[in-house]
Every structure is written in C-alpha cells, then in structure tokens.
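A short worksheet on the structure shown next.
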Amino acid sequence: MYTEKVMDHFSNPRNVGEIENASGVGEVGNASCGDIMRISLQVEDDVIQDVKFKTFGCGAAIATSSMVTELAIGKTIDEALILTNQAVAEALDGLPAAKMHCSNLAADALHEAIKNYKEQNH
Amino acid sequence: MKKIYMDNNATTAVKPEVLEAMLPYFCEQFGNPSSVHWAGQMVGGAIEKARGQVAKLLNCASAEVIFLSCGSEGDNYAIKGTAEALKGKGNHIITTAVEHPAVLETCEALEKDGFAVTYLKVDQDGMLDLAELEAAITDKTILISVMWANNETGNIFPIEKIGEIAKKYKVRFHTDAVQAAGKIPVDVRKANVDMAVISGHKIGAPKGVGAMYLRRGTRISRFMHGGHQERNRRAGTHNVPGIVGLGVACESALQNMEKDYAYVRNLRDKLEKGILSSIPEVKLNGHPDADLRLPNTLNVSFDYIEGESLLLFFDMIGIAASSGSACTSGSLEPSHVMGAMGVDIVLAHSSTRFSLGSDNTEEEIDFILQELPAIVQRLREMSPLYKREGPTPLSCDDCRMVHRAYA
C-alpha cells in the first residue's frame, strides 16, 4: 500500500518534537478526521534553520510530516511557502489515492507555522 | 521474523482437516450435484453430509440449512427476503446501531424502499436495553435483527432473551451469528431464532462459503433467482469443496468448543490484563465482564495515538491486528460501533482489536506484552495530543485548512 520511502519516513521519522521558544508554530487537522499535525519553526533572517513536528495520524500523516521537515530546513520562508502538499507526496514517491486529501496536510501545517512567524515579526 | 496472527475475527486460516476433506472435490469428485450422471451422483452425498454437520453445530434440522456464498449474502437474504415476503403485514424492522455493515446497509437500502427501521442504541459497554427493544415493537414490526456477538468488541448479546420477546410478540427474529458460531454455543432452537447466518472463513473453512438456518415453515422471498438448488431457496451451482469444508469446520468447532474456549480465553485474558496493567491511559472497549464477550476478542484504545500507525508498527514486528480508525475503516469516520458506544473520538481512532485463535501461543502473548509498551510510548511522544496543554481541535470547524481543502 505504501511506498518504501513512506515506510522509511514512517518507521524512522525525522525531526520529531517541538522547538522551544519557536519562531512560529502551526497546527492543522482535527480529531474527528483522525489527523492533527503540528509544526514548529526556528527562523533566522527569514531562513528556516530548524523544523520539528508532532503528528497524530496514520502512516501517511506521519511520513508527510517527516518529509516536510526535511524539505523545509534550509529554505527561505518564501521558498517554503510555495512548497505544496502535492510536492511532499511526490517526494515520498506518491501516496495511496485515499490518503491524498485526509492525510496530506503537512505543507499546510508548515504554511500555518510560517504565517504565525510572520504575524509575530511583522 | 516470527509472524503472529491475531486478526481471526477478520478471517481465519483454513484448518488442515478442512483442507484435506476438500481436496478430493476439485479434480476427482468434480461433478455438479444437480446432474443425474455418475459425476453428479458422486458429490450429492457430500453436500448432504455437510448440511448435517452445519445443522449439528446450530442444533437444527438438516433441511433447515441453506448453503450460500458468504455471511453478507445470508444477512441480505434474511432481511430483504423477509421484507418482501411480509410487506403486506407491516413495514417496520428493528435492529441495532452496532450491526455489521451487511445488516446496517441492507436496512438502509430498505428505508429507501419505504420500510421504517429502528436502530437500537447501546450503552457505553456496548450492550442493549431489552426494555427499549420491547417498547420499539409495533403492530407493523415484521423483523428483529440482532447479531449474536459483535465483531469489534466481542460483546455477546442476550439472544435467548430477545428470542423470548420475539416469540411473545410473534415477530420474526434474525441473527447474524457469523462471529459467535464455532466460538460459543449457538443453539437456534433454544434461542427461538427464525434465521441465523454463519460464514465459513471465520471458523477455519475457506472464503466464499456460508450458510443460513431458516426455521421450517418460515416464509421468505427468493433472493437469488435461477436453478432449483437448495429446494428452490438459493439458485446457483453448489460450491462443493467450500461446502464440504464448511461442514468439517463446523464439526471440528463443535468437537473442540469447550477446549478451545478455555485455551483461547486464557490467552486473551492474559493479554488483556497485561496491556491494562503495563500501559497507562488504555481503555477497554466492550463489556468489562469477560463472560459477556467472545473468548477470543480484545478491543482496547491507546489514548493519543491513531490506530493505523499502531498497526503499521505492529506489522513491522510481525503482529497482525486490526483497528477501528477511519483510515482502516475505509471511510472518513472511525468505527460506527465505537461511535454508538459513545467512545471519545480520539479513542475511537485508536481502537485496536486483537482477535485470537487456537493457533496462538502463550509465547506470542508474552512477545506482544514485551514489545507493546515501547511502541505505544514512541507514538505518544510523536503525538501533539499527548501531554497537551491547550484544547484538542475536534471538528472541521476548528481546522481552517481542511475547510479550505474541501471548499
């Protein structure tokens, strides 16, 4: 059902946790549909230095969260804002069709965190 | 890697004695039992032998057993066949909110055809209020359909008491006995049941065969039209090897019932006690009195984590179990059984079912109890709900992004 990359990110998720005194925090999803993703960022000079995630959800939810942290680290916030859920899924060599909507929200969580950072800093 | 199978309520392995009995009916005794010639005659006796074996497990007459393709077919036949046959008498059906989809969706389809259906609620332990059932009966009620045991929680319903109520009001009574048959005594006469459905692959026979008990004299409309098989009750060439297998599986289940009950229950109880005592914040789903649950079923929710993730971690170390989370139920909602029991939404997504069989061993239980706490803790550390200070976002209204994605 899942690609090797999904299973790799699911079984060895990167950057799990929460950054203390984060520059921005974003959370999307809800308990009803079974997926909640929380992303915290450390930003310096508009460049993302560190990203951590916490996710309640299925294998796809955890794998996309892990992947989005890898994709975002080192990017400027403008670059990170054009990162899409679709791109995250592609970086994982795809997701099952049923998972594309409900569990593929990691880029949205990242964008929420960036928005939160911008609100605090501008 | 050692493989541990604890999903026997989903399906079981075919028992060796079942397979052995089936094998001659593929290449050697391949005839169609409806044929008059030697090839057909060779297999006719096998069907009748199997009918007797099924009848013995259910304590009914052989002539009251109809072979079908699966449990879902039986539930469809019993409910739609009754609705059609008795529509001149009334249009009301009583069932429960925790039935298998084969019953629930059949009832929902009938609602579109003008039937009225009462879905009885269950309490937080997943049990029915029989006074509520009795109060729901009207002069238009033509059918009561209540499962013998629930597939998710293992809860055993008071079928004999429901049978008494059905008899008192002269209402037909159907039971989906797919999970109960072979695990606990299913005596259709004693319980005053009119129709009971069983499925082969839940009791060590192959997939693709089932049976229905239809009490003698019960008027029912034909469901499968065609040939004259099964006394004109169910058309379609007999699945001879499957039927032979079902017969042997029923005989084997009856012979070993007491022994298997004690063995499996002992393992299940050990797993249950072990999980509840070694992992904090775990909820048992189902009746707390283990006597009121199937001996093989344990359903628990590990708070803060989602069921599919847990199943994937189990799978990596060879453990096969199942979950009531939305991801595994194939819909956007978690299990309807957890919903009917009023289980908290996060706990419903985390509900996990272990359903044991007589092939499981104590070493397997020990292995699970040894591995489980670390897996649960790892997923909890990953969860934004664990040790959370703020409120949990519960619905789509709390989630702007989902709103937008679906807009």
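Chain labels follow the order of the structure tokens: the first chain is A, the next B, and so on; residue numbering restarts at 1 in every chain, and ligands are counted from 1 in their shown order.
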List every residue of chain A that DSSP, applied to the backbone, labels as strand (DSSP E), and write the result as JSON, numbers by chain. {"A": [24, 25, 26, 27, 28, 29, 30, 35, 36, 37, 38, 39, 40, 41, 42, 43, 44, 47, 48, 49, 50, 51, 52, 53, 54, 55, 56]}
Closest atom pairs, chain B residues within 6 Å of chain A, only C-alpha atoms, as a Markdown table:
```
| residue | atom | partner | partner_atom | distance |
| --- | --- | --- | --- | --- |
| B:Ile305 | CA | A:Phe56 | CA | 5.9 |
| B:Glu306 | CA | A:Gly57 | CA | 5.2 |
| B:Glu308 | CA | A:Cys58 | CA | 5.1 |
| B:Ser309 | CA | A:Cys58 | CA | 4.8 |
| B:Val346 | CA | A:Ala31 | CA | 5.8 |
| B:Met382 | CA | A:Lys54 | CA | 5.0 |
| B:Ser383 | CA | A:Phe56 | CA | 4.8 |
| B:Pro384 | CA | A:Lys54 | CA | 5.0 |
| B:Pro393 | CA | A:Asn30 | CA | 4.9 |
| B:Leu394 | CA | A:Ala31 | CA | 4.7 |
| B:Ser395 | CA | A:Ser32 | CA | 5.4 |
| B:Cys399 | CA | A:Gly29 | CA | 5.4 |
```
Could you save the residues just selected, with N, CA, C and O atoms, as a short mmCIF file (atom, residue, chain, number, x, y, z; two decimals), in the first residue's frame?
```
data_model
loop_
_atom_site.label_atom_id
_atom_site.label_comp_id
_atom_site.auth_asym_id
_atom_site.auth_seq_id
_atom_site.Cartn_x
_atom_site.Cartn_y
_atom_site.Cartn_z
N ILE B 305 -2.97 8.11 20.30
CA ILE B 305 -2.35 7.65 19.06
C ILE B 305 -3.40 7.07 18.12
O ILE B 305 -4.46 6.63 18.55
N GLU B 306 -3.07 7.08 16.85
CA GLU B 306 -4.04 6.68 15.82
C GLU B 306 -3.81 5.21 15.46
O GLU B 306 -2.67 4.74 15.39
N GLU B 308 -4.07 3.22 12.74
CA GLU B 308 -3.31 2.69 11.61
C GLU B 308 -1.81 2.74 11.88
O GLU B 308 -1.08 1.80 11.53
N SER B 309 -1.34 3.81 12.50
CA SER B 309 0.09 3.91 12.83
C SER B 309 0.50 2.75 13.72
O SER B 309 1.56 2.14 13.54
N VAL B 346 -11.01 10.60 19.74
CA VAL B 346 -9.59 10.22 19.64
C VAL B 346 -9.44 8.73 20.01
O VAL B 346 -8.73 7.97 19.34
N MET B 382 5.28 11.20 19.73
CA MET B 382 5.15 11.83 18.42
C MET B 382 3.82 12.60 18.31
O MET B 382 3.61 13.32 17.34
N SER B 383 2.93 12.37 19.26
CA SER B 383 1.57 12.92 19.12
C SER B 383 1.43 14.30 19.75
O SER B 383 1.81 14.51 20.89
N PRO B 384 0.81 15.24 18.99
CA PRO B 384 0.59 16.58 19.55
C PRO B 384 -0.52 16.58 20.62
O PRO B 384 -0.75 17.60 21.24
N PRO B 393 -8.23 20.18 18.95
CA PRO B 393 -9.15 20.57 17.87
C PRO B 393 -10.00 19.36 17.48
O PRO B 393 -9.48 18.31 17.12
N LEU B 394 -11.32 19.49 17.63
CA LEU B 394 -12.16 18.31 17.49
C LEU B 394 -12.83 18.17 16.13
O LEU B 394 -12.91 17.08 15.59
N SER B 395 -13.34 19.28 15.61
CA SER B 395 -14.12 19.14 14.38
C SER B 395 -13.52 19.96 13.27
O SER B 395 -12.56 20.70 13.46
N CYS B 399 -10.57 23.57 12.18
CA CYS B 399 -9.46 23.35 11.25
C CYS B 399 -9.69 24.10 9.96
O CYS B 399 -10.32 23.62 9.06
#
```
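Distances from A:Lys5, A:His111, A:Lys52, A:Arg14 to Ala80 in chain A were compared using only C-alpha atoms, and the smallest one belongs to A:His111.
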Rounded to one decimal place, report the CA of Ala21 in chain B-CA of Val248 in chain B distance in Å.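 A separation of 7.4 Å between them.
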I need the alpha helix (DSSP H) residues of chain A per DSSP on the backbone, written as an NGL selection string. :A and (4-11 or 59-72 or 77-81 or 85-91 or 99-102 or 106-121)
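Interatomic distance, CA of Gly45 in chain B to CA of Gly31 in chain B: 11.7 Å.
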Using CA of Val103 in chain B and CA of Asn76 in chain B as the two end points, give the distance in Å to one decimal.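 CA of Asn76 in chain B lies 6.9 Å from CA of Val103 in chain B.
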